[in-house]
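Next comes data01.csv, a file with CSV, N, CA and C atoms.
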```csv
chain,number,residue,atom,x,y,z
A,230,MET,N,112.0,86.5,95.9
A,230,MET,CA,111.8,86.2,94.5
A,230,MET,C,110.8,87.3,93.9
A,231,GLN,N,109.9,87.7,94.7
A,231,GLN,CA,109.0,88.8,94.3
A,231,GLN,C,109.8,90.0,93.9
A,232,ASP,N,110.8,90.4,94.7
A,232,ASP,CA,111.6,91.6,94.4
A,232,ASP,C,112.3,91.4,93.1
A,233,GLN,N,112.8,90.2,92.7
A,233,GLN,CA,113.5,90.0,91.5
A,233,GLN,C,112.6,90.2,90.3
A,234,ARG,N,111.4,89.8,90.4
A,234,ARG,CA,110.4,90.0,89.3
A,234,ARG,C,110.1,91.4,89.1
A,235,SER,N,109.9,92.2,90.2
A,235,SER,CA,109.7,93.6,90.2
A,235,SER,C,110.9,94.3,89.5
A,236,GLY,N,112.1,93.9,89.9
A,236,GLY,CA,113.2,94.5,89.3
A,236,GLY,C,113.4,94.3,87.8
A,237,ALA,N,113.0,93.1,87.4
A,237,ALA,CA,113.1,92.7,86.0
A,237,ALA,C,112.1,93.5,85.2
A,238,CYS,N,111.0,94.0,85.8
A,238,CYS,CA,110.0,94.8,85.1
A,238,CYS,C,110.2,96.3,85.2
A,239,ALA,N,111.3,96.7,85.9
A,239,ALA,CA,111.5,98.1,86.1
A,239,ALA,C,111.6,98.8,84.7
A,240,GLY,N,110.8,99.9,84.5
A,240,GLY,CA,110.8,100.6,83.2
A,240,GLY,C,109.9,99.9,82.2
A,241,LEU,N,109.4,98.7,82.5
A,241,LEU,CA,108.5,98.0,81.6
A,241,LEU,C,107.2,97.6,82.3
A,242,ALA,N,106.9,98.3,83.3
A,242,ALA,CA,105.7,97.9,84.1
A,242,ALA,C,104.5,97.7,83.3
A,243,GLY,N,104.2,98.6,82.4
A,243,GLY,CA,103.0,98.5,81.6
A,243,GLY,C,103.0,97.2,80.7
A,244,GLU,N,104.2,97.0,80.1
A,244,GLU,CA,104.3,95.8,79.3
A,244,GLU,C,104.2,94.5,80.1
A,245,CYS,N,104.7,94.5,81.3
A,245,CYS,CA,104.6,93.4,82.2
A,245,CYS,C,103.2,93.1,82.6
A,246,VAL,N,102.5,94.2,82.9
A,246,VAL,CA,101.0,94.1,83.2
A,246,VAL,C,100.2,93.6,82.1
A,247,GLU,N,100.6,94.1,80.9
A,247,GLU,CA,99.9,93.6,79.7
A,247,GLU,C,100.1,92.1,79.5
A,248,ARG,N,101.3,91.6,79.7
A,248,ARG,CA,101.6,90.2,79.6
A,248,ARG,C,100.8,89.4,80.6
A,249,VAL,N,100.7,89.8,81.8
A,249,VAL,CA,99.9,89.1,82.9
A,249,VAL,C,98.4,89.1,82.5
A,250,VAL,N,97.9,90.2,82.0
A,250,VAL,CA,96.5,90.3,81.6
A,250,VAL,C,96.2,89.4,80.5
A,251,LEU,N,97.1,89.4,79.5
A,251,LEU,CA,96.9,88.5,78.3
A,251,LEU,C,97.0,87.1,78.7
A,252,ALA,N,97.9,86.7,79.6
A,252,ALA,CA,98.0,85.3,80.1
A,252,ALA,C,96.7,84.9,80.8
A,253,LEU,N,96.1,85.8,81.6
A,253,LEU,CA,94.8,85.5,82.3
A,253,LEU,C,93.7,85.2,81.2
A,254,LEU,N,93.7,86.1,80.2
A,254,LEU,CA,92.7,85.9,79.2
A,254,LEU,C,92.8,84.7,78.3
A,255,LEU,N,94.1,84.2,78.2
A,255,LEU,CA,94.4,83.1,77.3
A,255,LEU,C,94.5,81.8,78.1
A,256,GLU,N,94.3,81.8,79.4
A,256,GLU,CA,94.4,80.7,80.3
A,256,GLU,C,93.5,79.6,79.8
A,257,PRO,N,94.0,78.3,79.7
A,257,PRO,CA,93.1,77.2,79.3
A,257,PRO,C,91.9,77.1,80.3
A,258,GLY,N,90.8,76.9,79.8
A,258,GLY,CA,89.6,76.7,80.6
A,258,GLY,C,89.1,78.0,81.2
A,259,CYS,N,89.5,79.1,80.5
A,259,CYS,CA,89.0,80.4,81.0
A,259,CYS,C,87.5,80.4,80.9
A,260,ARG,N,86.9,81.0,81.9
A,260,ARG,CA,85.4,80.9,82.0
A,260,ARG,C,84.7,81.8,81.1
A,261,GLY,N,85.3,82.6,80.3
A,261,GLY,CA,84.6,83.5,79.4
A,261,GLY,C,85.1,84.9,79.5
A,262,PRO,N,84.4,85.8,79.0
A,262,PRO,CA,84.9,87.2,79.0
A,262,PRO,C,85.1,87.7,80.5
A,263,TRP,N,86.2,88.5,80.6
A,263,TRP,CA,86.5,89.1,81.9
A,263,TRP,C,86.1,90.5,81.9
A,264,SER,N,85.6,91.1,83.0
A,264,SER,CA,85.4,92.5,83.0
A,264,SER,C,86.7,93.1,83.4
A,265,VAL,N,86.8,94.4,83.1
A,265,VAL,CA,88.1,95.1,83.4
A,265,VAL,C,88.2,95.1,84.9
A,266,ALA,N,87.1,95.3,85.7
A,266,ALA,CA,87.2,95.3,87.1
A,266,ALA,C,87.7,94.0,87.7
A,267,GLU,N,87.2,92.9,87.1
A,267,GLU,CA,87.7,91.5,87.5
A,267,GLU,C,89.2,91.4,87.3
A,268,LEU,N,89.7,91.8,86.1
A,268,LEU,CA,91.1,91.8,85.8
A,268,LEU,C,91.9,92.6,86.8
A,269,GLY,N,91.3,93.8,87.2
A,269,GLY,CA,92.0,94.7,88.2
A,269,GLY,C,92.1,94.0,89.5
A,270,ARG,N,91.0,93.3,89.9
A,270,ARG,CA,91.1,92.6,91.2
A,270,ARG,C,92.1,91.5,91.2
A,271,GLU,N,92.2,90.8,90.0
A,271,GLU,CA,93.1,89.7,89.9
A,271,GLU,C,94.5,90.1,90.0
A,272,ILE,N,94.9,91.3,89.4
A,272,ILE,CA,96.2,91.7,89.4
A,272,ILE,C,96.5,92.7,90.5
A,273,GLY,N,95.5,93.1,91.2
A,273,GLY,CA,95.7,94.0,92.4
A,273,GLY,C,95.7,95.5,92.1
A,274,SER,N,95.2,95.9,90.9
A,274,SER,CA,95.2,97.3,90.5
A,274,SER,C,94.3,97.5,89.3
A,275,GLU,N,93.1,98.1,89.6
A,275,GLU,CA,92.2,98.4,88.5
A,275,GLU,C,92.8,99.4,87.5
A,276,PRO,N,93.4,100.5,87.9
A,276,PRO,CA,94.0,101.4,86.9
A,276,PRO,C,95.0,100.7,86.0
A,277,LEU,N,95.9,99.8,86.6
A,277,LEU,CA,96.8,99.1,85.8
A,277,LEU,C,96.2,98.2,84.8
A,278,ALA,N,95.1,97.6,85.2
A,278,ALA,CA,94.3,96.7,84.3
A,278,ALA,C,93.7,97.5,83.2
A,279,VAL,N,93.1,98.6,83.5
A,279,VAL,CA,92.6,99.5,82.4
A,279,VAL,C,93.6,99.9,81.4
A,280,GLU,N,94.8,100.3,81.9
A,280,GLU,CA,95.9,100.7,81.0
A,280,GLU,C,96.3,99.5,80.2
A,281,ALA,N,96.4,98.3,80.8
A,281,ALA,CA,96.9,97.1,80.0
A,281,ALA,C,95.9,96.8,79.0
A,282,VAL,N,94.6,96.8,79.3
A,282,VAL,CA,93.5,96.5,78.3
A,282,VAL,C,93.5,97.5,77.2
A,283,VAL,N,93.7,98.7,77.5
A,283,VAL,CA,93.8,99.8,76.4
A,283,VAL,C,94.9,99.5,75.5
A,284,GLY,N,96.1,99.1,76.0
A,284,GLY,CA,97.3,98.8,75.2
A,284,GLY,C,97.1,97.6,74.4
A,285,LEU,N,96.5,96.6,75.0
A,285,LEU,CA,96.3,95.3,74.2
A,285,LEU,C,95.3,95.5,73.1
A,286,HIS,N,94.2,96.3,73.4
A,286,HIS,CA,93.2,96.6,72.4
A,286,HIS,C,93.8,97.4,71.3
A,287,ALA,N,94.6,98.4,71.6
A,287,ALA,CA,95.3,99.2,70.6
A,287,ALA,C,96.2,98.4,69.7
A,288,ALA,N,96.8,97.3,70.2
A,288,ALA,CA,97.7,96.4,69.5
A,288,ALA,C,96.9,95.4,68.7
A,289,GLY,N,95.6,95.3,68.9
A,289,GLY,CA,94.7,94.4,68.2
A,289,GLY,C,94.8,93.0,68.8
A,290,LEU,N,95.2,92.9,70.1
A,290,LEU,CA,95.4,91.6,70.7
A,290,LEU,C,94.1,91.1,71.5
A,291,VAL,N,93.2,92.1,71.8
A,291,VAL,CA,92.0,91.7,72.5
A,291,VAL,C,90.9,92.5,71.9
A,292,HIS,N,89.7,91.9,72.1
A,292,HIS,CA,88.4,92.6,71.6
A,292,HIS,C,87.6,93.0,72.9
A,293,ARG,N,87.1,94.2,72.8
A,293,ARG,CA,86.3,94.7,73.9
A,293,ARG,C,84.8,94.8,73.5
A,294,VAL,N,84.0,94.5,74.5
A,294,VAL,CA,82.5,94.7,74.4
A,294,VAL,C,82.1,95.4,75.7
A,295,HIS,N,81.9,96.7,75.6
A,295,HIS,CA,81.6,97.5,76.8
A,295,HIS,C,82.7,97.3,77.8
A,296,GLU,N,82.4,96.8,79.0
A,296,GLU,CA,83.4,96.6,80.1
A,296,GLU,C,84.1,95.3,80.0
A,297,PHE,N,83.7,94.4,79.1
A,297,PHE,CA,84.3,93.1,79.0
A,297,PHE,C,85.4,93.0,78.0
A,298,VAL,N,86.3,92.1,78.2
A,298,VAL,CA,87.4,91.8,77.3
A,298,VAL,C,87.4,90.4,76.9
```
Take the structure in this file and express it as structure tokens.
Amino acid sequence: MQDQRSGACAGLAGECVERVVLALLLEPGCRGPWSVAELGREIGSEPLAVEAVVGLHAAGLVHRVHEFV
């Protein structure tokens, strides 16, 4: 099943990562602001987390305060 999800995101990896990061941030009961490093650990890649946060911020979907989202 993991392979199927990866295949579904082929060519849209950045968009898929943005969706995962946004889902983490919007999760009910979220404990508060996440650092970009924490998001990176959660998704398994800090560089992808950074890229996703930059994209979400550019789209106006997240607010950043230093390293926190």
Spatial neighbours of region 278-289 of chain A, max dist 8 Å, only C-alpha atoms, sep filter under 3 positions, as a compact mmCIF listing (two decimals) with N, CA and C atoms, in the coordinates of the input:
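Heads up, here's the output in result10.txt:
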```txt
# COMPACT_ATOMS: atom_id res chain seq x y z
N GLY A 243 104.20 98.60 82.40
CA GLY A 243 103.00 98.50 81.60
C GLY A 243 103.00 97.20 80.70
N GLU A 244 104.20 97.00 80.10
CA GLU A 244 104.30 95.80 79.30
C GLU A 244 104.20 94.50 80.10
N VAL A 246 102.50 94.20 82.90
CA VAL A 246 101.00 94.10 83.20
C VAL A 246 100.20 93.60 82.10
N GLU A 247 100.60 94.10 80.90
CA GLU A 247 99.90 93.60 79.70
C GLU A 247 100.10 92.10 79.50
N VAL A 250 97.90 90.20 82.00
CA VAL A 250 96.50 90.30 81.60
C VAL A 250 96.20 89.40 80.50
N LEU A 251 97.10 89.40 79.50
CA LEU A 251 96.90 88.50 78.30
C LEU A 251 97.00 87.10 78.70
N VAL A 265 86.80 94.40 83.10
CA VAL A 265 88.10 95.10 83.40
C VAL A 265 88.20 95.10 84.90
N ALA A 266 87.10 95.30 85.70
CA ALA A 266 87.20 95.30 87.10
C ALA A 266 87.70 94.00 87.70
N LEU A 268 89.70 91.80 86.10
CA LEU A 268 91.10 91.80 85.80
C LEU A 268 91.90 92.60 86.80
N GLY A 269 91.30 93.80 87.20
CA GLY A 269 92.00 94.70 88.20
C GLY A 269 92.10 94.00 89.50
N ILE A 272 94.90 91.30 89.40
CA ILE A 272 96.20 91.70 89.40
C ILE A 272 96.50 92.70 90.50
N SER A 274 95.20 95.90 90.90
CA SER A 274 95.20 97.30 90.50
C SER A 274 94.30 97.50 89.30
N GLU A 275 93.10 98.10 89.60
CA GLU A 275 92.20 98.40 88.50
C GLU A 275 92.80 99.40 87.50
N HIS A 292 89.70 91.90 72.10
CA HIS A 292 88.40 92.60 71.60
C HIS A 292 87.60 93.00 72.90
N ARG A 293 87.10 94.20 72.80
CA ARG A 293 86.30 94.70 73.90
C ARG A 293 84.80 94.80 73.50
N VAL A 298 86.30 92.10 78.20
CA VAL A 298 87.40 91.80 77.30
C VAL A 298 87.40 90.40 76.90
```
> Taking the backbone alone, and naming residues the way the document does, which bits of chain A are helix (DSSP H, G or I) by DSSP, as number ranges by chain?
Replying inline: A: 231-237, 242-255, 265-272, 275-287
> Interatomic distance between CA of Leu290 (chain A) and CA of Gly258 (chain A)?
Replying inline: 18.8 Å
> By how many Å are CA of Arg270 (chain A) and atom N of Arg248 (chain A) apart?
Replying inline: 15.4 Å
> Any idea what the distance is between CA of Pro276 (chain A) and atom N of Glu256 (chain A)?
Replying inline: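 Atom N of Glu256 (chain A) lies at a distance of 21.0 Å from CA of Pro276 (chain A).
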